[in-house]
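Trainee: Just dropping this structure here.
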Amino acid sequence: MPILTLLMFQLGLTLRASDFTMIVRRPKPVLVALAGQIVLLPVLAFLVSSVAVLPPLFAIGMMLIACCPGGSSSNVFSYLAKGDVALSVSLTAISSVVTLFTLPPIMVMTMESVGEGVSSVSLPVKNLLIQNLLLMFLPLLLGMLFRHFRQLLARKIERVLGRLAFPMLMFLAGLFFVQNMSVICDNFLVLGASVTAMLLFAVSGAWLLAKVFSLKRRQQRTIIIEVGMQNAAQAIAVASSPFIFNSDVIAVPAIIYALMMNVILLVYVGVVNLRAS
């Protein structure tokens, strides 16, 4: 998927090798955030899907978006919320690599848990790994290398792509929304409520984790945003890929999530800035 590749290349242009070492330099906030993303979100996806009794393909889609890494727009949101931008950048980088390894086993367990309800789709793990390496890790690495060797040009390209990142994600979500409008409209009430509930529980859980571990207020804001903002483009790419799920229906939760995460986190940013003024 060209849009996902471009978004990951743009993210790579913003990263340095030192961004990946923050887990050693400042382990507590990084580990708390990763716990929120890698443990809390999938657990919430499972619980919400079970309570709402979502159809199997939607339940898979909920788990898929929960297992994806943080979205690159989280860095901008952290800046707007007066959060720890350096932490945000590092978390986006680290989660993009870590989830390459955590996503496949969680999705395998998800497929096994829904059983016969998904006889029409399968999960070729090898294809999933290869696609994620080609569409996620490789463009990320190329972006970092480009920045290392051509810093001035990389900054210029990143400024342009940075402005296009959010519109590209919304275009991708909008395209799939139009293609699957009937499915979305028929299930929007229960699915929209499920996605919104998962998001609200996620940001609340992230806030609670940050409080329990006595993180600074700027770190708390960043972790709330990082846990709530997922890479919806990756979820859509995995769901719709002819080499993996080949199912636009599985992509529907990610489409709704892409909309709701921006709405909810923009409200959060607005509240933070209103309280600070």
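Labels used: A, B, ... for chains in the order of the structure tokens, numbers from 1 for residues in each chain, and numbers from 1 for ligands as shown.
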With only C-alpha atoms as the counted atoms, please give the residues lying no more than 7 Å from segment 134-148 of chain A, apart from itself and same-chain residues fewer than 6 positions off, as a list in words.
Mentor: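 Contacts, with the query itself left out: Leu4, Thr5, Met8, Phe9, Gln10, Leu11, Gly12, Leu13, Leu15, Arg16 and Ala154 of chain A.
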Trainee: Please identify every residue of segment 104-129 of chain A that has at least one atom no farther than 7 Å from an atom of segment 50-67 of chain A, counting only C-alpha atoms, and for each give the shortest atom pair and the distance in Å to one decimal, arranged by chain then increasing number, as CSV.
Mentor:
residue,atom,partner,partner_atom,distance
A:Met107,CA,A:Leu64,CA,7.0
A:Thr110,CA,A:Ile60,CA,6.7
A:Val114,CA,A:Pro56,CA,6.1
A:Gly117,CA,A:Pro56,CA,5.7
A:Val118,CA,A:Pro56,CA,6.3
Trainee: Mind dumping the selected residues with C-alpha atoms as a CSV table (one decimal), in the first residue's frame?
Mentor:
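Below you can see again-v5.csv, which holds the result:
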chain,number,residue,atom,x,y,z
A,107,MET,CA,-3.5,-12.3,15.7
A,110,THR,CA,-7.3,-14.2,17.9
A,114,VAL,CA,-13.0,-17.0,17.0
A,117,GLY,CA,-16.6,-18.1,12.6
A,118,VAL,CA,-13.9,-17.1,10.2
Trainee: As an exercise, work out the distance from atom CA of Val43 of chain A to atom CA of Ile225 of chain A in Å and give it to one decimal place.
Mentor: 18.0 Å
Trainee: For Ser73 of chain A, which of A:Leu7, A:Ala237, A:Leu172, A:Leu152 is the closest residue, counting only C-alpha atoms?
Mentor: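 Comparing A:Leu7, A:Ala237, A:Leu172, A:Leu152 against Ser73 of chain A, the winner is A:Leu7.
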Trainee: Determine, counting only C-alpha atoms, which protein, DNA and RNA residues have an atom within 8 Å of an atom of Pro69 of chain A; residues of the same chain fewer than 4 positions away are not included. Present the result as an NGL selection string.
Mentor: :A and (37 or 92 or 95-96 or 99 or 230-231)
